[in-house]
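Single-structure report; data block below.
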Amino acid sequence: MTPNNSQRRGRGWLSPFIYLSNNWISLAGVVIVTTATIFWLFVLPITLRGETKSPYVGILSFLILPVPFFAGLALVPLGIWLKRRREGRAGIYPPDFPPLTWHNAELRRLVYFVCAATLANIAIASQLSYGAVNYMDSVTFCGQTCHTVMQPEYTAYQNSPHSNVECVKCHIGPGAGWFVRSKLSGVGQVFAVTFNTYPRPIPTPVHNLRPARETCESCHWPQKYGEDRVRVISKYAEDETNSQTKTVLLMKIGGGNNGIGIHGTHLGRGPGEVLIRYGHSDEARQTIPWVEYTVDGVKTVYATADAKPDGAGLSMREMDCMDCHNRPSHTYDLPDRALDRYMRDGLISPSLPFAKKKALEILKVIYASREDAAQKIPAAFAKYYQDSYPAVWSQRQSEVTASAQQVLDIYNRNIFPDMNVTWGKYPLNIGHTDFPGCFRCHDGGHNSKDGKSITQDCNACHNLLAMDEANPKVLTDLGITEAKAPGSK
């Protein structure tokens, strides 16, 4: 083929393309395409490995990056078409084009532009792709930047046993699939936040939460046998000396070994496999009239006297970790329980006269806002000692002031007037002292057709070693000298 033929071929399709692509719309498309491509290349090695620790990698790779990539591709021919149309109408479209050599100014300009854009994008993407994924995985993003409406949950999370676990680890888990599902289900929530139509408080339980076996059990293993554990519960009376008593329980944690202990009875696997289905009549799953208990394929139905046959009219659910551990990272205390813990830990001085009683009175007052509480709670606590115990106030003013701030801290951790979160708004299903919890089923009123009942025997889950004793002998025998034993509250 002769040079003239080659030049004519270039002028036939490629040379006009090079000339026409030198417009701001097409060049913007080139920048967008190269940017998306570079970002995609940086996350490609992670996606090729399959399941990732960060669910946001999947959304970046499969949902976000393709959008600008194809949008940029569309801008390139759009800019070419607009320039050809504009120059054709103006009569300035060139009849001939220079050869595609390095002497071609249009070609050189396009190559320089693409190379500069690529190098810039490599530098930017190498930092932003990693930083963006890590930031979107962060607690700050979930609790503040994105979900400011979740202030109550974020506050409770910061004081929970899972405070070092990222929100996405439990709420989404690994892989792009559940990330997409969670975000699609959140589209309505975005509009609700935008137009200020979201419910107050946020309703629970979360119905589209990923199954516990795919999140909780990546760290916890209820089928593994757990040793019995001592739990010490401290209680302070509302008298002048804030008399302290302790209740000591031996918790039978158990595991998946033929139905032994709490976990084995409810979630046993292997020999003696246990499967529990239940029917609840309310959204909060606090009223459970019907329970189906299956062991090795043998089913027994326990129902209340007013339950319909086969649980008709009830919402059915297969039991998992979240039915008892329903608030593992977002627990709110009742004021009495919170004060006991703060006094046990020395945050509120138990040596201040009537500290428990007065703090409880102050916390039960309804305040207009958190700002209102911040002004009135410390002032009310301090004024009580100024008026009733002037000697205590004059000699221990700093102690009173510090305790007053801790009373306010209890309020700020548990009460959120803007979201209508008040004392006891979110039931805790572990135990049965503050909320029905275990007694939703273990109430003695769930019976089978053959006359059996779901046990209400206290010793099935724990042994009571001491109850409301000032100095339980069992703690001395066990060598436990402080209330802060494992599992203490």
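Simple scheme: letters A, B, ... for chains in structure tokens order, numbers from 1 for residues in each chain, numbers from 1 for ligands in the order shown.
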
Within 10 Å of segment 442-453 of chain A using only C-alpha atoms, minus same-chain residues under 2 positions, as a short mmCIF file (atom, residue, chain, number, x, y, z; two decimals) with N, CA, C and O atoms, in the first residue's frame:
```cif
data_model
loop_
_atom_site.label_atom_id
_atom_site.label_comp_id
_atom_site.auth_asym_id
_atom_site.auth_seq_id
_atom_site.Cartn_x
_atom_site.Cartn_y
_atom_site.Cartn_z
N ILE A 288 -45.61 -13.17 72.10
CA ILE A 288 -45.37 -14.41 71.36
C ILE A 288 -46.34 -15.47 71.85
O ILE A 288 -46.06 -16.18 72.82
N PRO A 289 -47.48 -15.63 71.19
CA PRO A 289 -48.47 -16.62 71.66
C PRO A 289 -48.18 -18.05 71.20
O PRO A 289 -48.79 -18.99 71.74
N TRP A 290 -47.31 -18.24 70.21
CA TRP A 290 -47.16 -19.56 69.57
C TRP A 290 -45.69 -19.88 69.34
O TRP A 290 -44.94 -19.04 68.83
N VAL A 291 -45.24 -21.06 69.76
CA VAL A 291 -43.85 -21.49 69.61
C VAL A 291 -43.82 -22.92 69.09
O VAL A 291 -44.52 -23.80 69.63
N GLU A 292 -42.99 -23.16 68.10
CA GLU A 292 -42.78 -24.52 67.57
C GLU A 292 -41.33 -24.91 67.85
O GLU A 292 -40.40 -24.29 67.36
N THR A 300 -42.77 -29.98 68.55
CA THR A 300 -43.73 -29.78 69.63
C THR A 300 -44.19 -28.33 69.59
O THR A 300 -43.35 -27.42 69.55
N VAL A 301 -45.48 -28.13 69.57
CA VAL A 301 -46.03 -26.78 69.52
C VAL A 301 -46.52 -26.38 70.92
O VAL A 301 -47.28 -27.12 71.56
N TYR A 302 -46.08 -25.21 71.37
CA TYR A 302 -46.52 -24.64 72.63
C TYR A 302 -47.28 -23.36 72.32
O TYR A 302 -46.78 -22.50 71.57
N ALA A 303 -48.44 -23.21 72.88
CA ALA A 303 -49.26 -22.03 72.57
C ALA A 303 -50.01 -21.56 73.81
O ALA A 303 -50.28 -22.34 74.73
N THR A 304 -50.32 -20.27 73.82
CA THR A 304 -51.14 -19.73 74.89
C THR A 304 -52.60 -20.13 74.67
O THR A 304 -52.98 -20.57 73.58
N ALA A 305 -53.42 -19.93 75.67
CA ALA A 305 -54.82 -20.37 75.59
C ALA A 305 -55.60 -19.64 74.50
O ALA A 305 -56.53 -20.21 73.91
N ALA A 307 -54.28 -18.47 71.62
CA ALA A 307 -53.64 -18.58 70.31
C ALA A 307 -54.49 -19.44 69.38
O ALA A 307 -55.06 -20.46 69.79
N HIS A 432 -34.94 -10.87 82.30
CA HIS A 432 -36.38 -10.72 82.48
C HIS A 432 -36.72 -9.79 83.64
O HIS A 432 -37.84 -9.82 84.15
N PRO A 436 -39.99 -7.98 79.63
CA PRO A 436 -40.42 -9.39 79.62
C PRO A 436 -39.31 -10.35 79.19
O PRO A 436 -39.14 -11.40 79.82
N GLY A 437 -38.57 -10.01 78.15
CA GLY A 437 -37.42 -10.82 77.75
C GLY A 437 -37.73 -12.30 77.66
O GLY A 437 -38.56 -12.74 76.85
N CYS A 438 -37.09 -13.09 78.50
CA CYS A 438 -37.27 -14.54 78.50
C CYS A 438 -38.72 -14.94 78.74
O CYS A 438 -39.20 -15.95 78.21
N PHE A 439 -39.42 -14.14 79.54
CA PHE A 439 -40.80 -14.48 79.90
C PHE A 439 -41.78 -14.30 78.75
O PHE A 439 -42.97 -14.57 78.91
N ARG A 440 -41.32 -13.83 77.60
CA ARG A 440 -42.20 -13.81 76.43
C ARG A 440 -42.64 -15.23 76.08
O ARG A 440 -43.74 -15.44 75.56
N THR A 455 -40.65 -24.44 80.11
CA THR A 455 -40.23 -24.35 81.51
C THR A 455 -40.10 -22.92 81.99
O THR A 455 -39.69 -22.03 81.24
N GLN A 456 -40.45 -22.74 83.25
CA GLN A 456 -40.24 -21.47 83.93
C GLN A 456 -39.31 -21.67 85.12
O GLN A 456 -39.20 -20.81 86.00
N ASP A 457 -38.61 -22.80 85.10
CA ASP A 457 -37.69 -23.14 86.18
C ASP A 457 -36.47 -22.23 86.12
O ASP A 457 -35.74 -22.22 85.12
N CYS A 458 -36.23 -21.45 87.15
CA CYS A 458 -35.10 -20.52 87.19
C CYS A 458 -33.77 -21.24 86.98
O CYS A 458 -32.86 -20.72 86.34
#
```

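Coordinates place atom CA of Met322 of chain A at a distance of 18.8 Å from atom CA of Glu273 of chain A.
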
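Non-sequential neighbours of Asp228 of chain A (distance at most 6 Å, separation of 2 or more positions within a chain, only C-alpha atoms) are Met251, Lys252 and Ile253 of chain A.
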
Selection to disk with all heavy atoms, as a PDB file, in the first residue's frame:
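part.pdb written:
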```
ATOM      1  N   MET A 251     -24.468 -18.386  85.512  1.00  0.00           N
ATOM      2  CA  MET A 251     -25.161 -18.472  84.234  1.00  0.00           C
ATOM      3  C   MET A 251     -24.726 -19.728  83.479  1.00  0.00           C
ATOM      4  O   MET A 251     -23.532 -19.986  83.308  1.00  0.00           O
ATOM      5  CB  MET A 251     -24.858 -17.240  83.379  1.00  0.00           C
ATOM      6  CG  MET A 251     -25.221 -15.922  84.036  1.00  0.00           C
ATOM      7  SD  MET A 251     -26.977 -15.783  84.487  1.00  0.00           S
ATOM      8  CE  MET A 251     -27.751 -16.031  82.899  1.00  0.00           C
ATOM      9  N   LYS A 252     -25.710 -20.506  83.019  1.00  0.00           N
ATOM     10  CA  LYS A 252     -25.443 -21.742  82.285  1.00  0.00           C
ATOM     11  C   LYS A 252     -25.461 -21.446  80.785  1.00  0.00           C
ATOM     12  O   LYS A 252     -26.466 -21.644  80.102  1.00  0.00           O
ATOM     13  CB  LYS A 252     -26.482 -22.797  82.641  1.00  0.00           C
ATOM     14  CG  LYS A 252     -26.510 -23.127  84.135  1.00  0.00           C
ATOM     15  CD  LYS A 252     -27.607 -24.129  84.463  1.00  0.00           C
ATOM     16  CE  LYS A 252     -27.640 -24.449  85.950  1.00  0.00           C
ATOM     17  NZ  LYS A 252     -28.717 -25.416  86.279  1.00  0.00           N
ATOM     18  N   ILE A 253     -24.339 -20.962  80.290  1.00  0.00           N
ATOM     19  CA  ILE A 253     -24.248 -20.541  78.893  1.00  0.00           C
ATOM     20  C   ILE A 253     -24.476 -21.722  77.956  1.00  0.00           C
ATOM     21  O   ILE A 253     -25.223 -21.645  76.991  1.00  0.00           O
ATOM     22  CB  ILE A 253     -22.886 -19.890  78.603  1.00  0.00           C
ATOM     23  CG1 ILE A 253     -22.639 -18.721  79.564  1.00  0.00           C
ATOM     24  CG2 ILE A 253     -22.818 -19.425  77.153  1.00  0.00           C
ATOM     25  CD1 ILE A 253     -23.673 -17.634  79.488  1.00  0.00           C
TER      26      ILE A 253
END
```

With the cut-off set at 12 Å and counting only C-alpha atoms, tabulate each residue of segment 193-305 of chain A with an atom at most that distance from an atom of segment 360-383 of chain A, showing the nearest atom pair and its distance in Å to one decimal, ordered by chain and increasing number, as a Markdown table.
```
| residue | atom | partner | partner_atom | distance |
| --- | --- | --- | --- | --- |
| A:Tyr236 | CA | A:Leu360 | CA | 11.4 |
| A:Ala237 | CA | A:Leu360 | CA | 11.0 |
| A:Glu238 | CA | A:Leu360 | CA | 8.8 |
| A:Asp239 | CA | A:Leu360 | CA | 12.0 |
```

With all heavy atoms kept, could you save the residues just selected as a PDB file, in the first residue's frame?
```
ATOM      1  N   TYR A 236     -28.065  -0.574  94.510  1.00  0.00           N
ATOM      2  CA  TYR A 236     -27.965   0.446  95.553  1.00  0.00           C
ATOM      3  C   TYR A 236     -29.369   0.876  95.963  1.00  0.00           C
ATOM      4  O   TYR A 236     -30.227   1.135  95.108  1.00  0.00           O
ATOM      5  CB  TYR A 236     -27.169   1.657  95.067  1.00  0.00           C
ATOM      6  CG  TYR A 236     -25.694   1.353  94.895  1.00  0.00           C
ATOM      7  CD1 TYR A 236     -25.220   0.757  93.732  1.00  0.00           C
ATOM      8  CD2 TYR A 236     -24.783   1.630  95.902  1.00  0.00           C
ATOM      9  CE1 TYR A 236     -23.876   0.457  93.571  1.00  0.00           C
ATOM     10  CE2 TYR A 236     -23.428   1.346  95.755  1.00  0.00           C
ATOM     11  CZ  TYR A 236     -22.982   0.757  94.589  1.00  0.00           C
ATOM     12  OH  TYR A 236     -21.646   0.456  94.439  1.00  0.00           O
ATOM     13  N   ALA A 237     -29.593   0.958  97.259  1.00  0.00           N
ATOM     14  CA  ALA A 237     -30.908   1.326  97.788  1.00  0.00           C
ATOM     15  C   ALA A 237     -31.085   2.842  97.756  1.00  0.00           C
ATOM     16  O   ALA A 237     -30.112   3.601  97.665  1.00  0.00           O
ATOM     17  CB  ALA A 237     -31.074   0.805  99.209  1.00  0.00           C
ATOM     18  N   GLU A 238     -32.314   3.272  97.872  1.00  0.00           N
ATOM     19  CA  GLU A 238     -32.615   4.704  97.862  1.00  0.00           C
ATOM     20  C   GLU A 238     -32.661   5.246  99.292  1.00  0.00           C
ATOM     21  O   GLU A 238     -33.556   6.020  99.661  1.00  0.00           O
ATOM     22  CB  GLU A 238     -33.931   4.952  97.133  1.00  0.00           C
ATOM     23  CG  GLU A 238     -33.901   4.549  95.671  1.00  0.00           C
ATOM     24  CD  GLU A 238     -35.247   4.742  94.997  1.00  0.00           C
ATOM     25  OE1 GLU A 238     -35.923   5.755  95.302  1.00  0.00           O
ATOM     26  OE2 GLU A 238     -35.636   3.880  94.174  1.00  0.00           O
ATOM     27  N   ASP A 239     -31.700   4.825 100.111  1.00  0.00           N
ATOM     28  CA  ASP A 239     -31.636   5.333 101.476  1.00  0.00           C
ATOM     29  C   ASP A 239     -30.464   6.299 101.600  1.00  0.00           C
ATOM     30  O   ASP A 239     -29.735   6.552 100.643  1.00  0.00           O
ATOM     31  CB  ASP A 239     -31.526   4.181 102.481  1.00  0.00           C
ATOM     32  CG  ASP A 239     -30.340   3.265 102.186  1.00  0.00           C
ATOM     33  OD1 ASP A 239     -29.387   3.707 101.504  1.00  0.00           O
ATOM     34  OD2 ASP A 239     -30.359   2.099 102.619  1.00  0.00           O
TER      35      ASP A 239
END
```

Just want the 6 Å neighbourhood of Lys246 of chain A, counted on only C-alpha atoms, with same-chain residues fewer than 6 positions away dropped. Output as a PDB file with C-alpha atoms, in the first residue's frame.
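Saved result, out37.pdb, follows:
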```
ATOM      1  CA  ILE A 233     -25.401  -7.666  89.923  1.00  0.00           C
ATOM      2  CA  SER A 234     -24.888  -4.686  92.215  1.00  0.00           C
ATOM      3  CA  ASP A 468     -29.550  -9.070  97.589  1.00  0.00           C
ATOM      4  CA  GLU A 469     -26.782  -9.699 100.138  1.00  0.00           C
TER       5      GLU A 469
END
```

Distance query Glu106 of chain A at most 12 Å, only C-alpha atoms, self and fewer than 3 positions along chain excluded, as a list in words: Leu14, Ser15, Pro16, Phe17, Ile18, Tyr19, Leu20, Ser21, Asn22, Asn23, Phe97, Pro98, Pro99, Leu100, Thr101, Trp102, His103, Arg109, Leu110, Val111, Tyr112 and Phe113 of chain A

Which residues come within 12 Å of Pro427 of chain A, counting only C-alpha atoms, excluding same-chain residues fewer than 5 positions away, as a PyMOL selection string? chain A and resi 203-205+284-286+323-328+330-334+421-422+432-438+440

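Residues of segment 302-364 of chain A that DSSP places in alpha helix (DSSP H), based on the backbone of this structure, are Pro335, Asp336, Arg337, Ala338, Leu339, Asp340, Arg341, Tyr342, Met343, Arg344, Ala355, Lys356, Lys357, Lys358, Ala359, Leu360, Glu361, Ile362 and Leu363 of chain A.
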
Please dump the current selection as an mmCIF file, in the first residue's frame; keep N, CA, C and O atoms.
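File produced: selection-v4.cif:
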```
data_model
loop_
_atom_site.group_PDB
_atom_site.id
_atom_site.type_symbol
_atom_site.label_atom_id
_atom_site.label_comp_id
_atom_site.auth_asym_id
_atom_site.auth_seq_id
_atom_site.Cartn_x
_atom_site.Cartn_y
_atom_site.Cartn_z
ATOM 1 N N PRO A 335 -33.263 4.189 84.207
ATOM 2 C CA PRO A 335 -32.475 5.058 85.104
ATOM 3 C C PRO A 335 -31.956 4.341 86.347
ATOM 4 O O PRO A 335 -30.815 4.572 86.769
ATOM 5 N N ASP A 336 -32.765 3.462 86.929
ATOM 6 C CA ASP A 336 -32.331 2.750 88.128
ATOM 7 C C ASP A 336 -31.124 1.873 87.831
ATOM 8 O O ASP A 336 -30.143 1.844 88.583
ATOM 9 N N ARG A 337 -31.170 1.149 86.699
ATOM 10 C CA ARG A 337 -30.073 0.251 86.316
ATOM 11 C C ARG A 337 -28.807 1.044 85.998
ATOM 12 O O ARG A 337 -27.698 0.664 86.389
ATOM 13 N N ALA A 338 -28.961 2.159 85.313
ATOM 14 C CA ALA A 338 -27.795 2.970 84.958
ATOM 15 C C ALA A 338 -27.130 3.549 86.202
ATOM 16 O O ALA A 338 -25.896 3.568 86.324
ATOM 17 N N LEU A 339 -27.936 4.019 87.149
ATOM 18 C CA LEU A 339 -27.371 4.583 88.370
ATOM 19 C C LEU A 339 -26.604 3.529 89.165
ATOM 20 O O LEU A 339 -25.545 3.816 89.739
ATOM 21 N N ASP A 340 -27.135 2.316 89.236
ATOM 22 C CA ASP A 340 -26.426 1.245 89.948
ATOM 23 C C ASP A 340 -25.042 1.019 89.343
ATOM 24 O O ASP A 340 -24.052 0.830 90.057
ATOM 25 N N ARG A 341 -24.968 1.025 88.027
ATOM 26 C CA ARG A 341 -23.684 0.776 87.384
ATOM 27 C C ARG A 341 -22.714 1.941 87.596
ATOM 28 O O ARG A 341 -21.521 1.739 87.857
ATOM 29 N N TYR A 342 -23.207 3.152 87.471
ATOM 30 C CA TYR A 342 -22.341 4.328 87.651
ATOM 31 C C TYR A 342 -21.830 4.408 89.087
ATOM 32 O O TYR A 342 -20.675 4.802 89.329
ATOM 33 N N MET A 343 -22.682 4.050 90.043
ATOM 34 C CA MET A 343 -22.249 4.081 91.438
ATOM 35 C C MET A 343 -21.284 2.946 91.732
ATOM 36 O O MET A 343 -20.321 3.114 92.492
ATOM 37 N N ARG A 344 -21.513 1.785 91.134
ATOM 38 C CA ARG A 344 -20.586 0.667 91.307
ATOM 39 C C ARG A 344 -19.201 1.023 90.780
ATOM 40 O O ARG A 344 -18.176 0.693 91.391
ATOM 41 N N ALA A 355 -27.691 9.874 97.292
ATOM 42 C CA ALA A 355 -27.280 10.125 95.900
ATOM 43 C C ALA A 355 -28.159 9.343 94.924
ATOM 44 O O ALA A 355 -28.570 9.872 93.883
ATOM 45 N N LYS A 356 -28.444 8.082 95.239
ATOM 46 C CA LYS A 356 -29.257 7.258 94.339
ATOM 47 C C LYS A 356 -30.680 7.817 94.243
ATOM 48 O O LYS A 356 -31.220 7.977 93.140
ATOM 49 N N LYS A 357 -31.275 8.119 95.373
ATOM 50 C CA LYS A 357 -32.666 8.572 95.375
ATOM 51 C C LYS A 357 -32.819 9.901 94.643
ATOM 52 O O LYS A 357 -33.730 10.072 93.812
ATOM 53 N N LYS A 358 -31.938 10.856 94.940
ATOM 54 C CA LYS A 358 -32.066 12.178 94.320
ATOM 55 C C LYS A 358 -31.769 12.119 92.825
ATOM 56 O O LYS A 358 -32.482 12.744 92.024
ATOM 57 N N ALA A 359 -30.748 11.372 92.446
ATOM 58 C CA ALA A 359 -30.419 11.263 91.024
ATOM 59 C C ALA A 359 -31.565 10.619 90.256
ATOM 60 O O ALA A 359 -31.885 11.023 89.127
ATOM 61 N N LEU A 360 -32.207 9.628 90.867
ATOM 62 C CA LEU A 360 -33.332 8.951 90.210
ATOM 63 C C LEU A 360 -34.498 9.921 90.021
ATOM 64 O O LEU A 360 -35.136 9.944 88.954
ATOM 65 N N GLU A 361 -34.762 10.742 91.016
ATOM 66 C CA GLU A 361 -35.835 11.739 90.891
ATOM 67 C C GLU A 361 -35.541 12.714 89.761
ATOM 68 O O GLU A 361 -36.430 13.058 88.963
ATOM 69 N N ILE A 362 -34.304 13.153 89.687
ATOM 70 C CA ILE A 362 -33.926 14.138 88.664
ATOM 71 C C ILE A 362 -34.017 13.529 87.268
ATOM 72 O O ILE A 362 -34.483 14.180 86.321
ATOM 73 N N LEU A 363 -33.587 12.289 87.111
ATOM 74 C CA LEU A 363 -33.595 11.654 85.794
ATOM 75 C C LEU A 363 -35.001 11.373 85.288
ATOM 76 O O LEU A 363 -35.230 11.328 84.069
#
```

Considering only C-alpha atoms, can you say which of A:His263, A:His220, A:Arg84, A:Arg317 comes closest to Glu283 of chain A? A:Arg317
